[in-house]
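What follows is work31.txt (compact mmCIF, C-alpha atoms and all ligand atoms).
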```
# COMPACT_ATOMS: atom_id res chain seq x y z
CA MET A 1077 9.00 -0.17 36.08
CA ALA A 1078 6.11 2.00 35.06
CA LYS A 1079 8.28 5.09 35.20
CA LYS A 1080 10.93 3.49 33.06
CA LYS A 1081 8.35 2.60 30.42
CA THR A 1082 7.19 6.22 30.30
CA GLU A 1083 10.75 7.39 29.77
CA VAL A 1084 11.18 4.96 26.91
CA GLU A 1085 7.93 6.08 25.36
CA GLN A 1086 8.98 9.72 25.59
CA GLN A 1087 12.18 8.90 23.73
CA LYS A 1088 10.34 7.40 20.77
CA PRO A 1089 10.79 9.79 17.87
CA VAL A 1090 7.33 10.66 16.62
CA VAL A 1091 7.13 11.40 12.92
CA VAL A 1092 3.45 11.52 11.99
CA ASN A 1093 1.85 14.75 13.24
CA GLU A 1094 -1.71 16.03 13.32
CA ALA A 1095 -1.62 17.56 9.84
CA SER A 1096 -0.06 14.51 8.24
CA LEU A 1097 -2.54 12.23 9.99
CA ALA A 1098 -5.41 14.31 8.60
CA PHE A 1099 -3.96 13.80 5.11
CA PHE A 1100 -3.57 10.05 5.73
CA GLU A 1101 -7.21 9.73 6.81
CA LYS A 1102 -8.48 11.67 3.78
CA TYR A 1103 -6.22 9.66 1.46
CA ILE A 1104 -7.40 6.32 2.88
CA ASN A 1105 -11.09 7.20 2.81
CA ASN A 1106 -10.89 8.15 -0.86
CA PRO A 1107 -11.40 5.07 -3.06
CA SER A 1108 -8.52 4.36 -5.43
CA PRO A 1109 -9.39 1.15 -7.37
CA THR A 1110 -6.72 -0.45 -9.55
CA GLY A 1111 -6.84 1.26 -12.95
CA PHE A 1112 -8.93 4.14 -11.54
CA GLU A 1113 -6.49 5.76 -9.12
CA TRP A 1114 -6.52 9.39 -10.31
CA LYS A 1115 -8.54 11.01 -7.49
CA GLY A 1116 -6.21 9.50 -4.89
CA GLN A 1117 -3.20 10.62 -6.90
CA GLU A 1118 -4.53 14.19 -6.90
CA ILE A 1119 -4.89 14.13 -3.11
CA TRP A 1120 -1.38 12.69 -2.78
CA LEU A 1121 0.17 15.25 -5.14
CA ASP A 1122 -1.57 18.13 -3.35
CA TYR A 1123 0.01 17.00 -0.09
CA ILE A 1124 3.50 16.41 -1.45
CA LYS A 1125 3.83 19.47 -3.74
CA PRO A 1126 5.27 21.84 -1.07
CA TYR A 1127 8.08 19.35 -0.45
CA ILE A 1128 9.25 18.71 -4.04
CA ASP A 1129 10.77 20.70 -6.93
CA ASP A 1130 8.80 19.15 -9.77
CA HIS A 1131 6.33 16.37 -10.57
CA TYR A 1132 4.65 14.52 -13.40
CA VAL A 1133 1.94 11.93 -13.93
CA ASP A 1134 2.21 9.25 -16.64
CA ASN A 1135 -0.46 8.02 -19.06
CA TYR A 1136 -1.86 5.43 -16.62
CA GLY A 1137 -1.75 7.67 -13.56
CA THR A 1138 1.51 6.89 -11.77
CA ALA A 1139 2.54 10.07 -9.93
CA VAL A 1140 6.17 11.11 -9.51
CA GLY A 1141 7.41 13.88 -7.21
CA ILE A 1142 10.98 14.97 -7.88
CA ILE A 1143 13.64 16.65 -5.75
CA ASN A 1144 16.69 17.85 -7.79
CA PRO A 1145 15.25 17.04 -11.23
CA GLU A 1146 18.51 18.07 -12.96
CA ALA A 1147 20.67 15.50 -11.17
CA GLU A 1148 22.13 12.67 -13.22
CA TYR A 1149 22.13 10.01 -10.45
CA LYS A 1150 18.56 9.04 -9.63
CA VAL A 1151 17.21 7.39 -6.50
CA VAL A 1152 13.62 6.17 -6.33
CA ILE A 1153 11.51 5.67 -3.24
CA GLU A 1154 8.30 3.94 -4.21
CA ALA A 1155 4.91 2.69 -3.02
CA HIS A 1156 1.73 1.69 -4.84
CA ALA A 1157 -1.40 3.77 -5.00
CA ASP A 1158 -4.04 1.26 -6.04
CA GLU A 1159 -6.75 -0.39 -4.00
CA ILE A 1160 -8.18 -3.86 -4.65
CA SER A 1161 -11.78 -3.75 -5.82
CA TRP A 1162 -14.41 -5.60 -7.84
CA PHE A 1163 -15.80 -5.18 -11.36
CA VAL A 1164 -19.49 -5.52 -12.28
CA ASN A 1165 -19.42 -8.60 -14.53
CA TYR A 1166 -23.03 -9.80 -15.02
CA ILE A 1167 -26.40 -8.25 -14.24
CA THR A 1168 -29.23 -10.81 -13.94
CA SER A 1169 -32.71 -10.25 -15.37
CA ASP A 1170 -34.05 -9.83 -11.82
CA GLY A 1171 -31.53 -7.11 -10.99
CA LEU A 1172 -28.75 -8.85 -9.03
CA ILE A 1173 -25.11 -8.27 -9.87
CA TYR A 1174 -22.27 -10.79 -10.10
CA VAL A 1175 -18.69 -9.56 -9.86
CA ILE A 1176 -15.12 -10.41 -10.81
CA ARG A 1177 -11.97 -9.39 -8.99
CA ASN A 1178 -9.90 -6.32 -9.78
CA GLY A 1179 -6.80 -7.32 -7.81
CA GLY A 1180 -6.82 -9.89 -5.01
CA SER A 1181 -10.24 -9.13 -3.53
CA ASP A 1182 -11.37 -11.75 -1.02
CA HIS A 1183 -14.67 -13.59 -1.66
CA GLN A 1184 -14.70 -14.88 1.94
CA ILE A 1185 -15.23 -11.44 3.47
CA ALA A 1186 -17.79 -10.17 0.95
CA PRO A 1187 -21.16 -11.38 2.33
CA SER A 1188 -23.00 -8.70 4.33
CA LYS A 1189 -20.64 -5.89 3.31
CA ARG A 1190 -21.89 -2.52 2.01
CA VAL A 1191 -20.29 -1.27 -1.20
CA ASP A 1192 -19.95 1.77 -3.43
CA ILE A 1193 -20.49 1.16 -7.14
CA HIS A 1194 -18.65 3.83 -9.12
CA THR A 1195 -20.76 5.09 -12.04
CA ASP A 1196 -20.70 8.13 -14.33
CA ASN A 1197 -23.55 9.50 -12.18
CA GLY A 1198 -21.52 9.10 -8.99
CA ILE A 1199 -21.62 6.46 -6.26
CA VAL A 1200 -24.51 3.98 -6.21
CA LYS A 1201 -24.89 1.98 -3.01
CA ALA A 1202 -25.33 -1.79 -2.87
CA VAL A 1203 -24.84 -4.72 -0.48
CA PHE A 1204 -23.38 -8.18 -0.80
CA GLY A 1205 -26.41 -10.28 0.19
CA TRP A 1206 -26.20 -13.77 1.67
CA PRO A 1207 -28.84 -16.42 2.45
CA ALA A 1208 -30.07 -16.24 6.06
CA ILE A 1209 -28.75 -18.81 8.53
CA HIS A 1210 -32.35 -20.14 8.88
CA THR A 1211 -32.59 -20.94 5.21
CA ARG A 1212 -29.25 -22.72 5.17
CA LEU A 1213 -30.21 -25.31 7.81
CA GLY A 1214 -31.16 -28.84 6.92
CA GLY A 1215 -28.14 -30.98 7.67
CA GLU A 1216 -26.38 -30.17 4.43
CA LYS A 1217 -22.81 -28.98 4.29
CA GLU A 1218 -22.60 -25.19 4.56
CA GLU A 1219 -21.79 -23.47 1.31
CA ALA A 1220 -18.79 -21.15 1.59
CA PRO A 1221 -18.69 -17.81 -0.24
CA THR A 1222 -16.93 -18.10 -3.60
CA LEU A 1223 -16.66 -15.85 -6.62
CA LYS A 1224 -19.46 -17.95 -8.20
CA ASN A 1225 -22.07 -17.40 -5.48
CA ILE A 1226 -21.49 -13.92 -4.02
CA PHE A 1227 -23.74 -11.25 -5.50
CA LEU A 1228 -24.68 -7.61 -5.05
CA ASP A 1229 -28.16 -6.29 -4.41
CA CYS A 1230 -28.68 -2.60 -5.20
CA GLY A 1231 -32.40 -2.63 -4.42
CA CYS A 1232 -33.62 -3.24 -7.97
CA THR A 1233 -35.87 -5.97 -9.36
CA SER A 1234 -34.84 -5.88 -13.01
CA LYS A 1235 -31.77 -5.42 -15.17
CA GLU A 1236 -33.36 -2.29 -16.62
CA GLU A 1237 -33.70 -0.73 -13.17
CA VAL A 1238 -30.04 -1.48 -12.41
CA GLU A 1239 -28.97 0.11 -15.68
CA ALA A 1240 -31.15 3.16 -15.03
CA LEU A 1241 -29.02 3.80 -11.91
CA GLY A 1242 -25.98 4.14 -14.17
CA ILE A 1243 -24.57 0.70 -13.40
CA HIS A 1244 -23.05 -1.23 -16.31
CA VAL A 1245 -20.63 -4.09 -16.82
CA GLY A 1246 -17.15 -2.71 -16.02
CA CYS A 1247 -18.17 -0.37 -13.20
CA VAL A 1248 -15.73 -0.74 -10.29
CA ILE A 1249 -16.85 -1.47 -6.76
CA THR A 1250 -15.16 -0.60 -3.46
CA TYR A 1251 -16.11 -1.07 0.18
CA GLU A 1252 -17.31 1.92 2.18
CA ASP A 1253 -15.37 1.12 5.39
CA GLU A 1254 -13.38 4.09 6.65
CA PHE A 1255 -10.20 4.88 8.56
CA MET A 1256 -10.04 4.58 12.34
CA VAL A 1257 -7.47 4.52 15.11
CA LEU A 1258 -7.70 1.50 17.40
CA ASN A 1259 -6.58 1.75 21.03
CA ASN A 1260 -4.38 4.72 20.08
CA ARG A 1261 -1.98 2.11 18.74
CA TYR A 1262 -3.16 0.88 15.34
CA TYR A 1263 -4.38 2.54 12.17
CA VAL A 1264 -7.25 0.52 10.67
CA GLY A 1265 -8.77 0.84 7.20
CA ARG A 1266 -9.20 -0.50 3.70
CA ALA A 1267 -6.21 -0.70 1.41
CA LEU A 1268 -3.64 0.42 3.91
CA ASP A 1269 -1.97 -2.02 1.49
CA ASN A 1270 -0.37 0.01 0.14
CA ARG A 1271 -1.66 3.52 0.54
CA ALA A 1272 0.16 3.55 3.87
CA GLY A 1273 3.23 3.30 1.62
CA GLY A 1274 2.19 6.35 -0.40
CA PHE A 1275 1.70 8.17 2.88
CA MET A 1276 5.11 7.11 4.22
CA ILE A 1277 7.10 8.19 1.14
CA ALA A 1278 5.26 11.53 1.20
CA GLU A 1279 6.29 11.91 4.84
CA VAL A 1280 9.91 11.27 3.86
CA ALA A 1281 9.65 14.20 1.42
CA ARG A 1282 8.17 16.36 4.18
CA LEU A 1283 10.98 15.50 6.61
CA LEU A 1284 13.66 16.22 4.01
CA LYS A 1285 12.17 19.66 3.42
CA GLU A 1286 11.53 20.49 7.07
CA ASN A 1287 15.05 19.41 8.09
CA ASN A 1288 16.59 21.41 5.23
CA ILE A 1289 18.35 18.38 3.76
CA LYS A 1290 20.10 18.98 0.42
CA LEU A 1291 20.42 15.59 -1.23
CA PRO A 1292 23.37 15.22 -3.64
CA PHE A 1293 21.28 13.18 -6.11
CA GLY A 1294 17.85 13.31 -7.72
CA LEU A 1295 15.09 11.82 -5.58
CA TYR A 1296 12.04 10.39 -7.36
CA ILE A 1297 9.10 9.84 -5.02
CA VAL A 1298 6.93 7.41 -6.95
CA ASN A 1299 3.32 6.48 -6.20
CA ALA A 1300 2.71 3.75 -8.78
CA VAL A 1301 -0.64 2.48 -10.06
CA GLN A 1302 -1.72 -1.10 -10.82
CA GLU A 1303 0.48 -3.08 -8.43
CA GLU A 1304 -2.33 -5.38 -7.35
CA ILE A 1305 -2.73 -6.91 -10.79
CA GLY A 1306 0.95 -7.59 -11.40
CA LEU A 1307 3.29 -4.66 -10.65
CA ARG A 1308 2.25 -2.95 -13.88
CA GLY A 1309 2.55 0.73 -12.89
CA ALA A 1310 6.06 0.19 -11.51
CA GLU A 1311 7.05 -1.64 -14.70
CA MET A 1312 5.98 1.35 -16.80
CA ILE A 1313 7.55 4.06 -14.65
CA ALA A 1314 10.86 2.23 -14.08
CA HIS A 1315 11.49 2.44 -17.83
CA ARG A 1316 10.68 6.13 -17.87
CA ILE A 1317 12.82 7.15 -14.88
CA LYS A 1318 15.75 4.77 -15.49
CA PRO A 1319 16.83 5.01 -11.84
CA ASN A 1320 20.22 4.06 -10.37
CA VAL A 1321 18.69 2.86 -7.09
CA ALA A 1322 15.17 1.95 -5.97
CA ILE A 1323 13.88 1.55 -2.41
CA VAL A 1324 10.37 0.14 -2.43
CA THR A 1325 7.93 0.01 0.44
CA ASP A 1326 4.91 -2.29 0.67
CA VAL A 1327 3.12 -4.29 3.37
CA THR A 1328 3.79 -7.80 4.63
CA HIS A 1329 1.83 -10.19 6.87
CA ASP A 1330 1.88 -10.00 10.65
CA THR A 1331 1.92 -13.75 11.27
CA GLY A 1332 0.99 -13.57 14.95
CA THR A 1333 -2.78 -13.81 14.49
CA PRO A 1334 -4.72 -17.13 14.38
CA MET A 1335 -4.60 -19.64 11.50
CA ILE A 1336 -1.30 -18.43 9.99
CA ASN A 1337 1.55 -20.93 9.82
CA LYS A 1338 4.87 -19.39 10.86
CA ILE A 1339 6.73 -22.36 9.39
CA VAL A 1340 5.48 -21.22 5.99
CA GLN A 1341 4.99 -17.48 6.47
CA GLY A 1342 7.82 -16.59 8.87
CA ASP A 1343 7.59 -14.84 12.22
CA LEU A 1344 6.68 -11.16 11.86
CA SER A 1345 4.68 -8.86 14.11
CA CYS A 1346 3.15 -5.43 14.05
CA GLY A 1347 4.97 -3.13 16.46
CA LYS A 1348 8.37 -4.75 16.09
CA GLY A 1349 9.59 -2.51 13.29
CA PRO A 1350 10.07 -2.35 9.53
CA VAL A 1351 10.74 -5.63 7.72
CA ILE A 1352 13.87 -6.00 5.60
CA SER A 1353 13.63 -8.62 2.86
CA TYR A 1354 16.03 -11.20 1.52
CA ALA A 1355 15.25 -12.26 -2.05
CA PRO A 1356 17.18 -12.55 -5.31
CA ALA A 1357 15.65 -9.28 -6.52
CA VAL A 1358 17.01 -7.48 -3.46
CA GLN A 1359 20.51 -6.10 -4.12
CA ASN A 1360 22.63 -7.16 -1.14
CA ASN A 1361 24.89 -4.12 -0.94
CA LEU A 1362 21.87 -1.82 -0.95
CA ASN A 1363 20.24 -4.07 1.66
CA LYS A 1364 23.34 -3.75 3.85
CA LEU A 1365 23.05 0.02 3.59
CA LEU A 1366 19.46 -0.23 4.87
CA ILE A 1367 20.48 -2.44 7.79
CA GLU A 1368 23.40 -0.21 8.76
CA SER A 1369 21.12 2.83 8.54
CA ALA A 1370 18.65 1.13 10.91
CA GLN A 1371 21.39 0.17 13.34
CA LYS A 1372 23.00 3.61 13.35
CA ALA A 1373 19.68 5.37 13.98
CA ASN A 1374 18.44 2.81 16.52
CA ILE A 1375 15.47 1.79 14.40
CA PRO A 1376 14.16 -1.70 15.25
CA PHE A 1377 13.73 -4.03 12.27
CA GLN A 1378 12.67 -7.58 11.39
CA ARG A 1379 13.82 -9.90 8.61
CA GLN A 1380 11.86 -11.83 5.99
CA ALA A 1381 12.91 -14.20 3.22
CA SER A 1382 11.08 -14.67 -0.10
CA SER A 1383 11.59 -17.50 -2.57
CA ARG A 1384 11.93 -16.44 -6.17
CA SER A 1385 10.15 -13.08 -6.13
CA THR A 1386 9.06 -10.61 -3.47
CA GLY A 1387 5.67 -10.12 -5.15
CA THR A 1388 6.13 -6.38 -4.76
CA ASP A 1389 7.15 -3.53 -7.06
CA THR A 1390 10.73 -4.30 -5.98
CA ASP A 1391 10.77 -7.03 -8.62
CA ALA A 1392 9.58 -4.62 -11.31
CA PHE A 1393 12.34 -2.10 -10.54
CA ALA A 1394 15.07 -4.71 -10.01
CA TYR A 1395 14.48 -6.39 -13.37
CA SER A 1396 14.09 -3.19 -15.41
CA ASN A 1397 16.73 -1.22 -17.34
CA ASP A 1398 19.43 -3.93 -17.34
CA GLY A 1399 19.03 -4.33 -13.57
CA VAL A 1400 18.48 -1.59 -10.97
CA PRO A 1401 19.85 -2.11 -7.41
CA SER A 1402 16.60 -2.42 -5.46
CA ALA A 1403 15.52 -3.22 -1.93
CA LEU A 1404 12.28 -3.58 -0.01
CA ILE A 1405 11.20 -2.13 3.32
CA SER A 1406 7.91 -3.70 4.39
CA LEU A 1407 5.34 -2.58 6.89
CA PRO A 1408 3.85 -5.44 8.94
CA LEU A 1409 0.07 -5.58 8.54
CA ARG A 1410 -2.76 -7.69 9.95
CA TYR A 1411 -5.69 -9.00 7.87
CA MET A 1412 -4.40 -8.12 4.40
CA HIS A 1413 -7.02 -7.56 1.69
CA THR A 1414 -9.86 -7.24 4.22
CA THR A 1415 -11.57 -3.95 5.08
CA VAL A 1416 -9.96 -3.94 8.52
CA GLU A 1417 -6.29 -3.96 7.63
CA MET A 1418 -4.28 -2.97 10.71
CA ILE A 1419 -0.85 -1.35 11.01
CA HIS A 1420 1.03 -0.21 14.11
CA LYS A 1421 1.65 3.52 14.54
CA ASP A 1422 5.26 2.94 15.64
CA ASP A 1423 5.98 0.84 12.54
CA VAL A 1424 4.70 3.64 10.31
CA ASP A 1425 7.01 6.13 12.05
CA ASN A 1426 9.92 3.71 11.83
CA VAL A 1427 9.49 2.88 8.13
CA ILE A 1428 9.50 6.62 7.41
CA ARG A 1429 12.63 7.04 9.54
CA LEU A 1430 14.38 4.09 7.92
CA ILE A 1431 13.75 5.34 4.37
CA TYR A 1432 14.87 8.83 5.42
CA GLU A 1433 18.07 7.63 7.15
CA SER A 1434 18.93 5.33 4.23
CA LEU A 1435 18.66 8.24 1.78
CA LEU A 1436 21.10 10.24 3.93
CA ASN A 1437 23.59 7.37 3.64
CA ILE A 1438 23.49 6.99 -0.16
CA GLN A 1439 26.41 8.72 -1.91
CA ASN A 1440 25.98 10.53 -5.19
CA GLY A 1441 27.03 8.12 -7.95
CA GLN A 1442 27.32 5.19 -5.52
CA ASP A 1443 28.24 1.94 -7.27
CA PHE A 1444 26.50 -1.02 -5.62
CA ARG A 1445 28.04 -3.78 -7.78
CA TYR A 1446 29.44 -6.84 -5.97
CA ILE A 1447 32.59 -7.03 -8.09
CA LYS A 1448 34.14 -3.91 -9.57
ZN ZN B 1501 -2.14 -6.11 -1.92
```

Translate the structure described by the file into structure tokens.
Ligand SMILES: [Zn+2]
Amino acid sequence: MAKKKTEVEQQKPVVVNEASLAFFEKYINNPSPTGFEWKGQEIWLDYIKPYIDDHYVDNYGTAVGIINPEAEYKVVIEAHADEISWFVNYITSDGLIYVIRNGGSDHQIAPSKRVDIHTDNGIVKAVFGWPAIHTRLGGEKEEAPTLKNIFLDCGCTSKEEVEALGIHVGCVITYEDEFMVLNNRYYVGRALDNRAGGFMIAEVARLLKENNIKLPFGLYIVNAVQEEIGLRGAEMIAHRIKPNVAIVTDVTHDTGTPMINKIVQGDLSCGKGPVISYAPAVQNNLNKLLIESAQKANIPFQRQASSRSTGTDTDAFAYSNDGVPSALISLPLRYMHTTVEMIHKDDVDNVIRLIYESLLNIQNGQDFRYIK
């Protein structure tokens, strides 16, 4: 049995290599708060430039790498570049800082975390303080962390001292937690949602180049800003590109960990492959192409259903430009919007492979309409 397992493992096509992993780590460790993504976009563009013919960046920072820029028929592969964060909202007279969300930041995980406050003078360190367990005793009900009671302490005792450090209302705040590999099986870090997506679409560009693939259409590799506050970057860039097809990648919940209800959230696991979505915004003929591509290339996949919207940039592309055939390939992820988001190495390889294989199966000028 053990021998058989080894054989199977040897057969697994490995996509991510040492150089690409080094890029992924650098890209993840660089903060990329929603609305302030440009440093991350520079790192991403530097990596992808050898694999594309042309690129541009729009007014809000969405980065687009293009293969065959002259082609009339345009296919998009897309991920989002932004990272959830906090904004400085109120500085008290004794030098503590209250925050508001920038994206879906989680108040429950804030207490006791170390943060980076981004100022014009560079990073200023601070911590989310929390009353000691000793001081909370007394038979009363425990107070849970909420947006109204979490606060930052940057070691100052007055508002003036805080301001002298360069901190003002509107500064963005990110966590300092960095990338790691867990048990040689999982990548762990902040905002793998969805910078893992930016990494995966960049890897698709690398594979196309390294395998000498000449696509018959224009490929637009899009790393969009501002997804976490309502798919805004995708909305803007969809109008600019006017694509014929869009394949979006984002993360979805691994529902196998405690306190998640599979009846509500579905049954999805890290390690079992990319997740293909069913939703009104997903164009069924394009979705079939994804599924057939997975089956032909022996890529494992899982299925997920979404009521109304997918909540991803898929919706923004689908409902732009009179309707763009769009589909979603999701990466299963544990502990979304915490600083210890986890994704399985095999799933990352397989999402890259699935996007790549799907591109090879799209015909130039392909008409995806249901009735012709
Ligand atoms: Zn998110």

Quick one: contact table of chain A to ligand ZN 1501 (chain B), 8 Å max, nearest atom pair and distance in Å to one decimal per residue, counting all atoms listed in the file, chain and number order, as a Markdown table?
```
| residue | atom | partner | partner_atom | distance |
| --- | --- | --- | --- | --- |
| A:Glu1159 | CA | B:ZN1501 | ZN | 7.6 |
| A:Ile1160 | CA | B:ZN1501 | ZN | 7.0 |
| A:Gly1179 | CA | B:ZN1501 | ZN | 7.6 |
| A:Gly1180 | CA | B:ZN1501 | ZN | 6.8 |
| A:Ala1267 | CA | B:ZN1501 | ZN | 7.5 |
| A:Asp1269 | CA | B:ZN1501 | ZN | 5.3 |
| A:Asn1270 | CA | B:ZN1501 | ZN | 6.7 |
| A:Glu1303 | CA | B:ZN1501 | ZN | 7.6 |
| A:Glu1304 | CA | B:ZN1501 | ZN | 5.5 |
| A:Val1327 | CA | B:ZN1501 | ZN | 7.7 |
| A:Met1412 | CA | B:ZN1501 | ZN | 7.0 |
| A:His1413 | CA | B:ZN1501 | ZN | 6.2 |
```

| message | Rounded to one decimal, what separation in Å do you get between CA of Gly1342 (chain A) and CA of Ala1157 (chain A)? | response | 26.3 Å

| request: Go through A:Met1256, A:Ile1185, A:Ile1249, A:Ala1370 one by one, measure the shortest atom-to-atom distance of each to Tyr1411 (chain A) using only C-alpha atoms, and give the residue with the smallest value. | output: A:Ile1185

Mind dumping a table of every region 1298-1357 of chain A residue within 6 Å of region 1404-1407 of chain A, with the nearest atom pair and its distance in Å to one decimal, using only C-alpha atoms, sorted by chain and rising number, as a tab-separated table?
```
residue	atom	partner	partner_atom	distance
A:Ile1323	CA	A:Leu1404	CA	5.9
A:Val1324	CA	A:Leu1404	CA	4.8
A:Thr1325	CA	A:Ile1405	CA	4.9
A:Asp1326	CA	A:Ser1406	CA	5.0
A:Val1327	CA	A:Leu1407	CA	4.5
A:Thr1328	CA	A:Ser1406	CA	5.8
A:Pro1350	CA	A:Leu1407	CA	5.4
A:Val1351	CA	A:Ser1406	CA	4.8
A:Ile1352	CA	A:Ile1405	CA	5.2
A:Ser1353	CA	A:Leu1404	CA	6.0
```

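Closest approach to Ile1339 (chain A) among A:Ser1434, A:Gly1111, A:Tyr1103, A:Ala1381: A:Ala1381, based on all atoms listed in the file.
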
| said: Env of Arg1316 (chain A): 10 Å cut, atoms = all atoms listed in the file, seq-sep filter 6 positions within chain, self excluded. Answer as an MDAnalysis selection string. | reply: chainID A and resid 1134 1310 1397

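Near region 1305-1308 of chain A, within 7 Å and counting all atoms listed in the file, sit A:Gly1179, A:Met1312, A:Thr1388, A:Asp1389, A:Ala1392, not including residues fewer than 4 positions from it in the same chain.
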
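Each of A:Ile1176, A:Ile1367, A:Leu1295, A:Val1321 was checked against Val1400 (chain A) using all atoms listed in the file; the smallest atom-to-atom distance is that of A:Val1321.
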
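Distances to Gln1371 (chain A) were evaluated for A:Thr1386, A:Arg1429, A:Arg1212, A:Val1416 using only C-alpha atoms, and the minimum falls at A:Arg1429.
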
Selected region 1207-1213 of chain A, written as a PDB file, in the first residue's frame, all heavy atoms:
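out30.pdb was written with the following content:
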```pdb
ATOM      1  N   PRO A1207      -8.665  43.745  27.682  1.00  0.00           N
ATOM      2  CA  PRO A1207      -8.585  43.641  29.151  1.00  0.00           C
ATOM      3  C   PRO A1207      -8.167  42.237  29.606  1.00  0.00           C
ATOM      4  O   PRO A1207      -8.637  41.246  29.047  1.00  0.00           O
ATOM      5  CB  PRO A1207      -9.996  43.976  29.626  1.00  0.00           C
ATOM      6  CG  PRO A1207     -10.867  43.914  28.417  1.00  0.00           C
ATOM      7  CD  PRO A1207     -10.007  44.144  27.237  1.00  0.00           C
ATOM      8  N   ALA A1208      -7.287  42.183  30.602  1.00  0.00           N
ATOM      9  CA  ALA A1208      -6.773  40.902  31.104  1.00  0.00           C
ATOM     10  C   ALA A1208      -7.913  40.033  31.636  1.00  0.00           C
ATOM     11  O   ALA A1208      -8.918  40.550  32.139  1.00  0.00           O
ATOM     12  CB  ALA A1208      -5.768  41.150  32.224  1.00  0.00           C
ATOM     13  N   ILE A1209      -7.711  38.735  31.560  1.00  0.00           N
ATOM     14  CA  ILE A1209      -8.723  37.790  32.057  1.00  0.00           C
ATOM     15  C   ILE A1209      -9.046  38.080  33.527  1.00  0.00           C
ATOM     16  O   ILE A1209     -10.202  38.004  33.950  1.00  0.00           O
ATOM     17  CB  ILE A1209      -8.243  36.323  31.849  1.00  0.00           C
ATOM     18  CG1 ILE A1209      -9.341  35.334  32.260  1.00  0.00           C
ATOM     19  CG2 ILE A1209      -6.924  36.031  32.551  1.00  0.00           C
ATOM     20  CD1 ILE A1209      -9.087  33.908  31.810  1.00  0.00           C
ATOM     21  N   HIS A1210      -8.027  38.486  34.322  1.00  0.00           N
ATOM     22  CA  HIS A1210      -8.228  38.765  35.756  1.00  0.00           C
ATOM     23  C   HIS A1210      -9.238  39.877  35.968  1.00  0.00           C
ATOM     24  O   HIS A1210     -10.054  39.842  36.867  1.00  0.00           O
ATOM     25  CB  HIS A1210      -6.913  39.190  36.401  1.00  0.00           C
ATOM     26  CG  HIS A1210      -5.726  38.438  35.909  1.00  0.00           C
ATOM     27  ND1 HIS A1210      -5.197  38.606  34.659  1.00  0.00           N
ATOM     28  CD2 HIS A1210      -4.972  37.504  36.524  1.00  0.00           C
ATOM     29  CE1 HIS A1210      -4.154  37.807  34.498  1.00  0.00           C
ATOM     30  NE2 HIS A1210      -4.000  37.120  35.620  1.00  0.00           N
ATOM     31  N   THR A1211      -9.143  40.889  35.083  1.00  0.00           N
ATOM     32  CA  THR A1211      -9.980  42.068  35.290  1.00  0.00           C
ATOM     33  C   THR A1211     -11.384  41.860  34.737  1.00  0.00           C
ATOM     34  O   THR A1211     -12.260  42.679  34.965  1.00  0.00           O
ATOM     35  CB  THR A1211      -9.363  43.300  34.600  1.00  0.00           C
ATOM     36  OG1 THR A1211      -9.370  43.085  33.178  1.00  0.00           O
ATOM     37  CG2 THR A1211      -7.945  43.542  35.077  1.00  0.00           C
ATOM     38  N   ARG A1212     -11.586  40.754  34.043  1.00  0.00           N
ATOM     39  CA  ARG A1212     -12.907  40.502  33.471  1.00  0.00           C
ATOM     40  C   ARG A1212     -13.732  39.592  34.375  1.00  0.00           C
ATOM     41  O   ARG A1212     -14.879  39.328  34.099  1.00  0.00           O
ATOM     42  CB  ARG A1212     -12.793  39.842  32.082  1.00  0.00           C
ATOM     43  CG  ARG A1212     -11.980  40.627  31.071  1.00  0.00           C
ATOM     44  CD  ARG A1212     -12.299  40.186  29.655  1.00  0.00           C
ATOM     45  NE  ARG A1212     -12.258  38.749  29.489  1.00  0.00           N
ATOM     46  CZ  ARG A1212     -11.195  38.051  29.066  1.00  0.00           C
ATOM     47  NH1 ARG A1212     -10.066  38.681  28.776  1.00  0.00           N
ATOM     48  NH2 ARG A1212     -11.260  36.741  28.934  1.00  0.00           N
ATOM     49  N   LEU A1213     -13.147  39.079  35.474  1.00  0.00           N
ATOM     50  CA  LEU A1213     -13.870  38.157  36.340  1.00  0.00           C
ATOM     51  C   LEU A1213     -14.859  38.928  37.193  1.00  0.00           C
ATOM     52  O   LEU A1213     -14.784  40.128  37.354  1.00  0.00           O
ATOM     53  CB  LEU A1213     -12.891  37.372  37.212  1.00  0.00           C
ATOM     54  CG  LEU A1213     -11.924  36.466  36.423  1.00  0.00           C
ATOM     55  CD1 LEU A1213     -10.947  35.777  37.352  1.00  0.00           C
ATOM     56  CD2 LEU A1213     -12.676  35.438  35.597  1.00  0.00           C
TER      57      LEU A1213
END
```
